[in-house]
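**Q** Supplied structure: final02.txt, compact mmCIF, C-alpha atoms.
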# COMPACT_ATOMS: atom_id res chain seq x y z
CA MET A 1 5.53 -4.59 17.52
CA LYS A 2 2.48 -5.30 19.62
CA LYS A 3 0.60 -8.17 18.02
CA ILE A 4 -3.13 -8.58 18.39
CA ILE A 5 -3.97 -12.14 19.32
CA PHE A 6 -7.40 -13.38 18.40
CA SER A 7 -9.35 -16.27 19.84
CA CYS A 8 -10.29 -19.41 18.00
CA VAL A 9 -13.74 -18.11 17.03
CA ALA A 10 -12.47 -14.76 15.77
CA ALA A 11 -9.71 -16.32 13.71
CA ALA A 12 -12.06 -18.84 12.18
CA THR A 13 -14.60 -16.17 11.25
CA ALA A 14 -12.13 -13.66 9.83
CA LEU A 15 -10.01 -16.10 7.87
CA THR A 16 -13.06 -17.87 6.48
CA ALA A 17 -11.50 -21.27 6.70
CA MET A 18 -8.47 -20.28 4.64
CA LEU A 19 -5.46 -22.49 5.08
CA GLY A 20 -7.71 -25.17 6.45
CA ILE A 21 -8.75 -23.31 9.59
CA ALA A 22 -12.44 -24.08 9.58
CA SER A 23 -12.14 -24.30 13.35
CA CYS A 24 -9.30 -24.20 15.85
CA SER A 25 -9.55 -27.90 16.57
CA LYS A 26 -9.02 -31.03 14.51
CA GLN A 27 -9.44 -29.29 11.13
CA LYS A 28 -6.43 -27.02 11.56
CA ARG A 29 -3.81 -27.76 8.91
CA GLY A 30 -0.30 -28.38 10.18
CA PRO A 31 2.83 -27.26 8.35
CA ILE A 32 3.72 -29.13 5.17
CA GLY A 33 7.40 -28.28 5.12
CA VAL A 34 9.72 -26.90 2.45
CA SER A 35 12.11 -28.58 0.05
CA LYS A 36 14.46 -28.01 -2.87
CA GLY A 37 14.66 -29.08 -6.49
CA GLY A 38 11.39 -27.81 -7.92
CA LYS A 39 11.38 -26.97 -11.62
CA VAL A 40 8.46 -24.50 -11.58
CA LEU A 41 8.42 -21.37 -9.42
CA ASN A 42 4.78 -20.34 -8.99
CA ILE A 43 4.38 -16.69 -7.95
CA TYR A 44 1.00 -15.22 -6.96
CA VAL A 45 0.63 -11.47 -7.58
CA TRP A 46 -2.12 -8.91 -8.32
CA ASN A 47 -0.32 -6.67 -10.82
CA ASN A 48 2.99 -6.28 -12.66
CA GLU A 49 4.85 -4.17 -10.09
CA PHE A 50 6.78 -7.06 -8.55
CA LYS A 51 7.08 -8.88 -11.88
CA ASP A 52 8.84 -5.91 -13.47
CA ARG A 53 11.40 -5.75 -10.69
CA PHE A 54 11.81 -9.52 -10.64
CA ASN A 55 12.54 -9.60 -14.38
CA SER A 56 15.01 -6.73 -14.10
CA TYR A 57 17.08 -8.04 -11.21
CA VAL A 58 16.29 -11.67 -10.34
CA ALA A 59 15.34 -13.68 -13.43
CA GLU A 60 18.87 -14.04 -14.79
CA LYS A 61 20.14 -15.26 -11.41
CA LEU A 62 17.83 -18.27 -11.28
CA PRO A 63 18.73 -21.72 -12.68
CA ALA A 64 18.03 -21.97 -16.40
CA ASP A 65 15.93 -25.10 -15.94
CA VAL A 66 13.50 -23.48 -13.49
CA LYS A 67 10.37 -22.08 -15.12
CA VAL A 68 8.75 -19.02 -13.56
CA ASN A 69 4.94 -19.16 -13.64
CA TRP A 70 3.08 -15.95 -12.81
CA VAL A 71 -0.42 -16.34 -11.40
CA VAL A 72 -2.02 -12.88 -11.67
CA ASN A 73 -5.40 -12.07 -10.14
CA ALA A 74 -6.66 -8.52 -9.68
CA SER A 75 -7.07 -7.28 -6.13
CA THR A 76 -10.51 -5.81 -6.99
CA ASP A 77 -13.30 -7.32 -4.87
CA ASN A 78 -10.67 -9.40 -3.05
CA VAL A 79 -10.30 -11.73 -6.04
CA TYR A 80 -6.57 -12.05 -5.43
CA GLN A 81 -6.99 -13.14 -1.83
CA LYS A 82 -9.80 -15.54 -2.66
CA LYS A 83 -7.76 -17.28 -5.37
CA LEU A 84 -4.68 -17.37 -3.17
CA ASP A 85 -6.58 -18.72 -0.16
CA ASP A 86 -8.11 -21.46 -2.25
CA ALA A 87 -4.70 -22.48 -3.58
CA LEU A 88 -3.15 -22.48 -0.10
CA LEU A 89 -6.03 -24.53 1.25
CA ARG A 90 -5.28 -27.21 -1.40
CA GLN A 91 -1.50 -26.89 -1.08
CA ALA A 92 -0.82 -30.22 0.66
CA LYS A 93 -2.85 -32.18 -1.91
CA THR A 94 -1.38 -30.39 -4.94
CA GLU A 95 1.56 -31.83 -6.86
CA LYS A 96 4.72 -29.96 -6.02
CA ASP A 97 5.32 -28.14 -9.29
CA LYS A 98 1.79 -26.69 -9.14
CA ARG A 99 1.96 -25.49 -5.55
CA VAL A 100 2.19 -21.85 -4.49
CA ASP A 101 5.85 -21.01 -3.95
CA ILE A 102 5.83 -17.23 -3.49
CA PHE A 103 2.90 -14.95 -2.77
CA LEU A 104 2.65 -11.25 -2.00
CA VAL A 105 0.64 -9.54 0.73
CA GLU A 106 -0.26 -5.93 1.49
CA ALA A 107 -0.23 -4.12 4.82
CA ASP A 108 -4.02 -3.99 5.17
CA TYR A 109 -4.31 -7.77 5.37
CA ALA A 110 -0.79 -8.98 6.16
CA LEU A 111 -1.71 -10.32 9.60
CA LYS A 112 -4.21 -12.65 7.96
CA TYR A 113 -1.21 -14.70 6.80
CA VAL A 114 1.55 -13.89 9.28
CA ASN A 115 0.19 -15.86 12.23
CA GLN A 116 -0.67 -18.92 10.13
CA THR A 117 1.28 -21.93 8.93
CA ALA A 118 0.85 -20.87 5.31
CA THR A 119 3.93 -18.64 5.63
CA VAL A 120 7.35 -19.97 6.56
CA ASP A 121 10.19 -18.64 8.71
CA VAL A 122 12.35 -16.32 6.61
CA LYS A 123 15.42 -16.98 8.74
CA LYS A 124 15.17 -20.59 9.88
CA GLU A 125 13.64 -22.15 6.76
CA ILE A 126 14.73 -19.81 3.96
CA GLY A 127 18.11 -18.94 5.40
CA LEU A 128 18.26 -15.15 5.51
CA THR A 129 20.55 -13.85 8.26
CA ASP A 130 20.24 -10.99 10.73
CA GLU A 131 23.24 -9.39 9.02
CA GLN A 132 21.48 -9.45 5.63
CA LEU A 133 18.34 -7.91 7.13
CA ALA A 134 20.12 -5.30 9.26
CA HIS A 135 19.66 -2.37 6.86
CA GLN A 136 15.87 -2.68 6.57
CA TYR A 137 13.42 -0.29 8.17
CA LYS A 138 12.27 -1.86 11.39
CA TYR A 139 8.54 -1.45 10.82
CA THR A 140 8.71 -3.57 7.64
CA GLN A 141 9.87 -6.48 9.76
CA ASP A 142 7.45 -5.72 12.61
CA VAL A 143 4.50 -6.08 10.23
CA MET A 144 5.61 -9.58 9.20
CA THR A 145 6.66 -10.87 12.62
CA ASP A 146 4.24 -13.35 14.18
CA SER A 147 3.17 -13.63 17.81
CA ASN A 148 6.14 -15.93 18.49
CA GLY A 149 8.69 -13.47 17.11
CA VAL A 150 9.16 -15.31 13.81
CA LEU A 151 9.75 -13.23 10.66
CA LYS A 152 7.37 -14.42 7.92
CA GLY A 153 8.10 -12.13 4.99
CA VAL A 154 10.31 -9.35 3.64
CA SER A 155 9.79 -6.30 1.44
CA TRP A 156 11.91 -4.41 -1.07
CA GLN A 157 10.08 -1.17 -0.28
CA ALA A 158 9.18 1.15 2.55
CA THR A 159 6.17 3.41 2.04
CA PRO A 160 6.42 6.89 3.55
CA ALA A 161 4.04 9.14 1.66
CA GLY A 162 3.26 12.77 0.99
CA LEU A 163 1.56 15.24 -1.34
CA ILE A 164 2.10 15.12 -5.12
CA TYR A 165 1.01 18.39 -6.70
CA ARG A 166 0.68 19.75 -10.24
CA ARG A 167 3.43 22.30 -10.89
CA SER A 168 1.51 24.36 -13.45
CA ILE A 169 -1.53 24.63 -11.17
CA ALA A 170 0.66 25.56 -8.20
CA LYS A 171 2.15 28.39 -10.26
CA ALA A 172 -1.33 29.63 -11.16
CA VAL A 173 -2.68 29.41 -7.60
CA LEU A 174 0.40 30.07 -5.44
CA GLY A 175 2.75 31.85 -7.81
CA THR A 176 5.46 29.17 -7.57
CA ASP A 177 5.98 25.48 -8.23
CA ASP A 178 9.16 25.19 -6.11
CA PRO A 179 8.72 22.36 -3.55
CA GLU A 180 10.78 24.32 -1.02
CA LYS A 181 8.24 27.17 -1.22
CA VAL A 182 5.05 25.22 -1.88
CA GLY A 183 5.68 22.84 1.02
CA PRO A 184 5.37 25.50 3.76
CA MET A 185 2.14 26.73 2.14
CA LEU A 186 0.57 23.29 2.63
CA ASP A 187 2.07 22.03 5.89
CA THR A 188 -1.13 22.24 7.97
CA TRP A 189 -4.72 21.32 7.21
CA GLU A 190 -5.72 24.95 7.81
CA LYS A 191 -3.32 26.09 5.10
CA PHE A 192 -4.47 23.25 2.88
CA ASP A 193 -8.09 24.44 3.22
CA SER A 194 -7.05 27.97 2.33
CA VAL A 195 -5.26 26.83 -0.83
CA ALA A 196 -8.26 24.63 -1.70
CA GLU A 197 -10.45 27.73 -1.70
CA LYS A 198 -8.00 29.64 -3.88
CA ALA A 199 -7.74 26.73 -6.30
CA HIS A 200 -11.53 26.47 -6.50
CA ASN A 201 -11.85 30.18 -7.24
CA GLN A 202 -9.54 29.70 -10.23
CA GLY A 203 -11.42 26.71 -11.57
CA TYR A 204 -9.33 23.90 -10.12
CA PHE A 205 -10.14 20.98 -7.81
CA MET A 206 -7.90 20.65 -4.76
CA LEU A 207 -8.51 16.90 -4.70
CA SER A 208 -9.90 14.49 -7.21
CA GLY A 209 -12.43 12.95 -4.88
CA TYR A 210 -13.59 11.53 -1.59
CA ASP A 211 -10.74 9.26 -0.62
CA ASP A 212 -7.66 10.98 -2.04
CA ASP A 213 -6.36 11.97 1.39
CA PHE A 214 -8.02 9.19 3.42
CA ARG A 215 -4.68 7.53 4.19
CA ALA A 216 -3.19 10.79 5.41
CA PHE A 217 -5.80 10.69 8.16
CA SER A 218 -6.17 6.96 8.80
CA ASP A 219 -2.42 6.39 9.11
CA ASN A 220 -2.34 8.95 11.91
CA MET A 221 -4.91 7.15 14.04
CA LYS A 222 -3.76 6.86 17.64
CA SER A 223 -5.93 3.85 18.33
CA ALA A 224 -6.78 0.66 16.46
CA TRP A 225 -10.00 0.08 14.54
CA VAL A 226 -11.03 -2.62 17.03
CA SER A 227 -10.66 -2.53 20.82
CA LYS A 228 -9.54 -5.49 22.92
CA ASP A 229 -13.17 -6.31 23.72
CA ARG A 230 -13.97 -6.36 19.98
CA LYS A 231 -15.77 -3.06 19.86
CA ILE A 232 -15.47 -1.04 16.65
CA ASN A 233 -13.48 2.07 17.44
CA ILE A 234 -13.66 5.37 15.54
CA ASP A 235 -10.51 7.43 15.97
CA PRO A 236 -10.78 11.27 15.81
CA GLN A 237 -8.68 11.23 12.63
CA ILE A 238 -11.47 9.42 10.82
CA THR A 239 -14.00 11.97 12.03
CA LYS A 240 -11.77 14.77 10.74
CA TRP A 241 -11.52 13.10 7.34
CA ILE A 242 -15.31 12.80 7.11
CA GLU A 243 -15.84 16.43 8.08
CA GLN A 244 -13.25 17.70 5.61
CA THR A 245 -14.49 15.55 2.74
CA LYS A 246 -18.11 16.58 3.22
CA LYS A 247 -17.05 20.22 3.23
CA TYR A 248 -14.93 19.79 0.10
CA THR A 249 -17.74 17.98 -1.69
CA ASP A 250 -20.37 20.57 -0.83
CA LEU A 251 -18.10 23.48 -1.80
CA GLY A 252 -16.88 21.88 -5.01
CA TYR A 253 -13.27 21.56 -3.82
CA ASN A 254 -13.14 17.97 -5.09
CA ASN A 255 -14.33 16.36 -8.29
CA ARG A 256 -16.51 13.70 -6.59
CA ALA A 257 -14.28 10.94 -7.98
CA LYS A 258 -13.41 7.66 -6.33
CA LEU A 259 -9.74 6.77 -6.12
CA TRP A 260 -8.65 4.38 -8.92
CA SER A 261 -11.69 5.35 -11.02
CA PRO A 262 -11.40 6.70 -14.60
CA GLU A 263 -12.54 10.09 -13.28
CA SER A 264 -9.75 10.14 -10.71
CA ASN A 265 -7.17 9.01 -13.26
CA LYS A 266 -8.33 11.73 -15.68
CA GLY A 267 -7.23 14.35 -13.17
CA MET A 268 -3.64 13.20 -13.75
CA THR A 269 -3.78 13.80 -17.50
CA LYS A 270 -2.67 16.78 -19.56
CA ASP A 271 -6.10 18.40 -19.33
CA GLY A 272 -6.68 17.44 -15.70
CA ARG A 273 -7.55 20.22 -13.27
CA VAL A 274 -6.69 18.49 -9.99
CA PHE A 275 -4.18 20.32 -7.81
CA CYS A 276 -2.85 17.34 -5.87
CA TYR A 277 -2.96 13.69 -4.88
CA PHE A 278 -1.62 11.97 -1.77
CA GLY A 279 0.59 8.91 -1.99
CA PRO A 280 3.94 7.13 -1.56
CA ALA A 281 6.61 6.38 -4.15
CA TRP A 282 4.75 3.36 -5.52
CA PHE A 283 1.66 5.51 -6.21
CA ILE A 284 3.79 7.90 -8.25
CA ASP A 285 5.41 5.14 -10.29
CA PHE A 286 2.57 2.66 -10.65
CA THR A 287 -0.46 4.95 -10.87
CA MET A 288 0.34 8.55 -11.68
CA ALA A 289 3.19 8.19 -14.17
CA GLY A 290 1.22 5.97 -16.52
CA ASN A 291 -1.99 7.96 -16.26
CA SER A 292 -0.15 11.20 -16.98
CA LEU A 293 1.00 10.12 -20.45
CA GLU A 294 -0.93 11.45 -23.43
CA ASP A 295 0.84 8.98 -25.70
CA LYS A 296 0.78 5.74 -23.70
CA ASN A 297 3.28 4.13 -26.07
CA GLY A 298 5.53 7.17 -26.15
CA PRO A 299 8.54 7.93 -23.99
CA LYS A 300 8.17 8.93 -20.35
CA VAL A 301 9.46 12.45 -20.79
CA LYS A 302 8.33 15.96 -19.98
CA GLY A 303 5.82 17.13 -22.55
CA ASN A 304 4.14 13.77 -23.01
CA GLY A 305 0.88 14.62 -21.28
CA SER A 306 1.40 15.97 -17.77
CA TYR A 307 4.53 13.88 -17.23
CA GLY A 308 7.13 16.12 -15.62
CA ASP A 309 4.53 18.67 -14.47
CA TRP A 310 4.40 17.31 -10.92
CA ALA A 311 6.34 17.80 -7.68
CA PHE A 312 6.40 16.40 -4.18
CA CYS A 313 6.25 17.83 -0.66
CA LYS A 314 5.40 16.56 2.82
CA GLY A 315 1.87 17.96 3.02
CA PRO A 316 -0.23 18.71 6.14
CA GLN A 317 0.94 15.68 8.12
CA SER A 318 3.33 12.79 7.67
CA PHE A 319 1.87 9.41 6.81
CA SER A 320 2.58 6.14 5.07
CA TRP A 321 0.47 3.95 2.86
CA GLY A 322 0.59 0.28 2.05
CA GLY A 323 3.59 -1.80 1.24
CA THR A 324 4.09 -5.17 -0.39
CA TRP A 325 5.78 -8.15 1.24
CA ILE A 326 7.20 -11.32 -0.27
CA CYS A 327 6.16 -14.53 1.50
CA ALA A 328 7.32 -18.09 0.97
CA ALA A 329 4.45 -20.57 1.00
CA ASP A 330 4.59 -23.60 3.24
CA GLY A 331 4.92 -26.61 0.97
CA THR A 332 7.17 -24.97 -1.60
CA ASP A 333 9.86 -27.06 -3.27
CA ASN A 334 11.77 -24.02 -4.51
CA ILE A 335 13.37 -22.81 -1.31
CA ASP A 336 16.71 -22.02 -2.98
CA GLU A 337 15.07 -19.85 -5.63
CA ILE A 338 12.98 -18.06 -3.01
CA LYS A 339 16.11 -17.29 -1.02
CA THR A 340 17.68 -15.79 -4.15
CA VAL A 341 14.60 -13.62 -4.78
CA MET A 342 14.62 -12.27 -1.24
CA GLU A 343 18.38 -11.71 -1.14
CA VAL A 344 18.49 -9.89 -4.46
CA LEU A 345 15.46 -7.62 -4.05
CA CYS A 346 15.47 -7.09 -0.28
CA CYS A 347 19.04 -7.46 0.98
CA ASP A 348 21.41 -6.18 -1.72
CA ASP A 349 22.42 -2.56 -1.03
CA GLU A 350 23.54 -1.90 -4.60
CA ILE A 351 20.40 -3.29 -6.20
CA MET A 352 18.14 -1.48 -3.77
CA THR A 353 19.89 1.77 -4.62
CA ASP A 354 19.38 1.09 -8.32
CA LEU A 355 15.71 0.24 -7.69
CA ALA A 356 15.22 3.72 -6.27
CA LYS A 357 16.95 5.42 -9.19
CA SER A 358 15.40 3.28 -11.93
CA TYR A 359 11.85 2.92 -10.63
CA GLY A 360 11.49 5.76 -8.14
CA ASP A 361 10.91 3.24 -5.34
CA PHE A 362 11.68 4.18 -1.77
CA THR A 363 13.48 0.96 -1.00
CA ASN A 364 13.69 -0.90 2.29
CA ASN A 365 17.31 -0.04 2.96
CA VAL A 366 18.30 2.79 5.30
CA PRO A 367 21.85 3.54 4.06
CA ALA A 368 20.82 3.17 0.41
CA MET A 369 18.02 5.70 0.78
CA GLU A 370 20.18 8.13 2.73
CA ALA A 371 22.76 7.94 -0.05
CA VAL A 372 20.17 8.53 -2.79
CA ALA A 373 18.72 11.45 -0.84
CA LYS A 374 22.14 13.13 -0.87
CA SER A 375 22.90 12.26 -4.49
CA ASN A 376 22.13 14.05 -7.76
CA TYR A 377 19.25 11.65 -8.47
CA LYS A 378 16.38 13.26 -10.39
CA ASN A 379 12.87 11.93 -10.86
CA GLU A 380 11.72 13.02 -14.30
CA PHE A 381 8.02 12.61 -13.55
CA LEU A 382 8.53 15.11 -10.74
CA GLY A 383 10.22 17.61 -13.01
CA GLY A 384 13.73 16.50 -12.04
CA GLN A 385 13.12 16.66 -8.29
CA ASN A 386 14.94 14.38 -5.84
CA HIS A 387 11.92 13.53 -3.72
CA ILE A 388 13.69 10.74 -1.79
CA LYS A 389 15.07 13.25 0.70
CA PHE A 390 11.53 14.07 1.84
CA PHE A 391 10.95 10.43 2.67
CA VAL A 392 14.06 9.54 4.68
CA GLU A 393 13.13 10.91 8.09
CA ALA A 394 9.45 10.04 7.67
CA ALA A 395 10.31 6.40 7.00
CA LYS A 396 12.14 6.07 10.31
CA ALA A 397 9.04 7.22 12.17
CA ILE A 398 6.54 4.81 10.59
CA ASP A 399 4.68 2.94 13.32
CA ARG A 400 2.51 -0.10 12.66
CA SER A 401 1.64 -0.89 16.28
CA ASN A 402 -2.08 -0.41 15.56
CA ILE A 403 -2.18 -2.82 12.63
CA SER A 404 -4.84 -5.50 12.78
CA MET A 405 -6.46 -8.14 10.62
CA TYR A 406 -9.52 -5.86 10.32
CA ASP A 407 -7.82 -2.92 8.60
CA GLN A 408 -8.77 -3.73 5.03
CA THR A 409 -12.43 -4.25 5.86
CA MET A 410 -12.61 -1.06 7.92
CA SER A 411 -10.89 1.10 5.31
CA GLU A 412 -13.07 -0.18 2.48
CA LYS A 413 -16.38 -0.03 4.34
CA ILE A 414 -15.91 3.46 5.80
CA GLN A 415 -15.08 4.91 2.39
CA THR A 416 -17.99 3.17 0.68
CA SER A 417 -20.52 4.03 3.39
CA MET A 418 -19.53 7.69 3.57
CA ALA A 419 -19.64 8.19 -0.21
CA ASP A 420 -23.46 8.12 -0.04
CA TYR A 421 -23.34 10.79 2.67
CA TYR A 422 -20.99 12.99 0.67
CA ASN A 423 -23.33 12.74 -2.31
CA GLY A 424 -26.31 13.71 -0.19
CA ASN A 425 -28.06 10.38 -0.65
CA VAL A 426 -28.18 9.56 3.09
CA THR A 427 -27.76 11.38 6.37
CA LEU A 428 -24.58 11.07 8.38
CA GLU A 429 -26.42 8.93 10.92
CA LYS A 430 -27.60 6.56 8.19
CA ALA A 431 -24.09 6.38 6.72
CA TRP A 432 -22.74 5.31 10.11
CA GLU A 433 -25.50 2.74 10.43
CA ASN A 434 -24.62 1.35 7.01
CA PHE A 435 -20.94 1.22 7.98
CA TYR A 436 -21.54 -0.80 11.15
CA THR A 437 -23.87 -3.15 9.31
CA ALA A 438 -21.38 -3.71 6.49
CA VAL A 439 -18.53 -4.43 8.93
CA THR A 440 -20.46 -6.84 11.13
CA GLU A 441 -21.69 -8.73 8.08
CA VAL A 442 -18.05 -9.56 7.41
CA HIS A 443 -16.91 -9.85 11.04
CA SER A 444 -19.83 -11.05 13.12
CA GLU A 445 -17.63 -11.15 16.23
CA LEU A 446 -17.48 -7.34 16.30
CA SER A 447 -20.00 -4.91 17.70
CA LYS A 448 -20.62 -1.16 17.75
Would it be possible to restate this file's structure as structure tokens?
**A**
Amino acid sequence: MKKIIFSCVAAATALTAMLGIASCSKQKRGPIGVSKGGKVLNIYVWNNEFKDRFNSYVAEKLPADVKVNWVVNASTDNVYQKKLDDALLRQAKTEKDKRVDIFLVEADYALKYVNQTATVDVKKEIGLTDEQLAHQYKYTQDVMTDSNGVLKGVSWQATPAGLIYRRSIAKAVLGTDDPEKVGPMLDTWEKFDSVAEKAHNQGYFMLSGYDDDFRAFSDNMKSAWVSKDRKINIDPQITKWIEQTKKYTDLGYNNRAKLWSPESNKGMTKDGRVFCYFGPAWFIDFTMAGNSLEDKNGPKVKGNGSYGDWAFCKGPQSFSWGGTWICAADGTDNIDEIKTVMEVLCCDDEIMTDLAKSYGDFTNNVPAMEAVAKSNYKNEFLGGQNHIKFFVEAAKAIDRSNISMYDQTMSEKIQTSMADYYNGNVTLEKAWENFYTAVTEVHSELSK
């Protein structure tokens, strides 16, 4: 993968002195090194997704005298990154059993850590082999490979995404809920617009809100958010998203909700009137399944809220969204345990197959996913559908060549700035002005 190399000034500004990089001179922190024998495995995460999988597959394989300590900080307002960065900055001066051992990163900000000494070499220092990693989707390794070709993290998941629609609403609007029939009715944006109008005429919202399909557009950008001369770049896909969202807001095709908000989540419930959401397998499992349940403590079965009243298809265009990678922190004294974690969750064909069947994950293992796609696997949230087959070819085509350390900032600021425009509070010109101002306040090295 093409890596974007930033100068000393840019790196210092963007990383805000994390890991000791207050400048690119004498204050730069060198590697601490890794060791064995630690009795506390400190794992930094932002939710329970990884913890659930860890407890199901890894916990029993670790030494009985090693305590696992979960450090959980929400990702809202970048709290997770701030807490993690502070801990990594103090890593060398922290006693070993209190140091960060494992931490997770997401695609939007992965490069912030990949090209720094805070992350260690997965092969040379942890001991994973090319043979163990051979079945993974290439892009998941590209994202975590630094400018010197060193792999700095691994993932148990790949994240091809698509359209998750409400079966009962599809029947009312389109006359069928069959993914094989609904898919062709929604395989272009023109068709999607047509169905949105029909849904609206019957009292439904096509989308919950402003940013439901943002990733379907942003992941299809042909150019990066920032040019080589540090100019902010607006790809035509972003312009298309803005135009569509303004139209849907003005016509009442969306419910004016912000993704992750209570209003957005309500659209997934039994009484929700939202036709569809866009997302990958993790969005289905971690967000939609829980929100769909009327009885939160009841079984995850059809009839409990809207659970089981959903289905999956490709949608207007292929895309992917997110991903979570496991990194080993420089300075860890639990290198053996970290190797076990990575081998079990990211390199074991059998376990990765079971992850897909038990959690609905699209796992980072090509032969495992191809086997599940051809199997009799059924996802109960999706009404018994085997949605994995829709993901297989899309996963092979995922390209992260445009990834940069600016992606998180750009994605957040464009959505926030345009929300005022969609609501009619500012003009489009003012929304753009607010976007550029918000971005340059974070990254002063960039310009319009």
**Q** Compare A:Ala356, A:Val79, A:Ala107, A:Met221 by their minimum atom-to-atom distance to A:Gln317, counting all atoms listed in the file, and give me the closest one.
**A**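 Checking each candidate against A:Gln317, we get A:Met221 as the closest.
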**Q** Produce a table with one row for each residue of stretch 77-195 of chain A that has an atom at most 10 Å from any atom of stretch 408-415 of chain A, each row naming the nearest atom pair and its distance in Å at one decimal; use only C-alpha atoms; arrange rows by chain and rising residue number; format as JSON lines.
**A**
{"residue": "A:Glu106", "atom": "CA", "partner": "A:Gln408", "partner_atom": "CA", "distance": 9.5}
{"residue": "A:Ala107", "atom": "CA", "partner": "A:Gln408", "partner_atom": "CA", "distance": 8.6}
{"residue": "A:Asp108", "atom": "CA", "partner": "A:Gln408", "partner_atom": "CA", "distance": 4.8}
{"residue": "A:Tyr109", "atom": "CA", "partner": "A:Gln408", "partner_atom": "CA", "distance": 6.0}
{"residue": "A:Ala110", "atom": "CA", "partner": "A:Gln408", "partner_atom": "CA", "distance": 9.6}
**Q** Take atom CA of A:Lys36 and atom CA of A:Asp142 and report the distance between them in Å, one decimal.
**A**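 We find that atom CA of A:Lys36 and atom CA of A:Asp142 lie 28.0 Å from each other.
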**Q** Quick check, in Å to one decimal: how far apart do atom CA of A:Gly252 and atom CA of A:Phe205 lie?
**A**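 These two atoms are separated by 7.4 Å.
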**Q** Residues of stretch 224-268 of chain A that have any atom at most 12 Å from an atom of stretch 274-297 of chain A: could you tabulate them with the shortest-distance atom pair and the distance in Å to one decimal, using all atoms listed in the file, ordered by chain and increasing number, as CSV?
**A**
residue,atom,partner,partner_atom,distance
A:Gly252,CA,A:Val274,CA,11.8
A:Tyr253,CA,A:Val274,CA,9.5
A:Asn254,CA,A:Val274,CA,8.1
A:Asn255,CA,A:Val274,CA,8.1
A:Arg256,CA,A:Val274,CA,11.4
A:Ala257,CA,A:Val274,CA,10.9
A:Leu259,CA,A:Tyr277,CA,9.8
A:Trp260,CA,A:Thr287,CA,8.4
A:Ser261,CA,A:Thr287,CA,11.2
A:Pro262,CA,A:Asn291,CA,9.6
A:Glu263,CA,A:Val274,CA,10.8
A:Ser264,CA,A:Val274,CA,8.9
A:Asn265,CA,A:Asn291,CA,6.1
A:Lys266,CA,A:Asn291,CA,7.4
A:Gly267,CA,A:Val274,CA,5.2
A:Met268,CA,A:Ser292,CA,5.2
**Q** May I ask which of the residues A:Met418, A:Asp52, A:Tyr137, A:Asn78 is the closest one to A:Gln157, counting all atoms listed in the file?
**A**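 The answer is A:Tyr137, which sits nearest to A:Gln157.
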**Q** Quick one, how far is atom CA of A:Ala373 from atom CA of A:Ile388?
**A**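 Value for the atom CA of A:Ala373-atom CA of A:Ile388 distance: 5.2 Å.
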**Q** Compare A:Ala329, A:Val366, A:Cys347, A:Ala216 by their minimum atom-to-atom distance to A:Leu133, counting only C-alpha atoms, and give me the closest one.
**A** A:Cys347
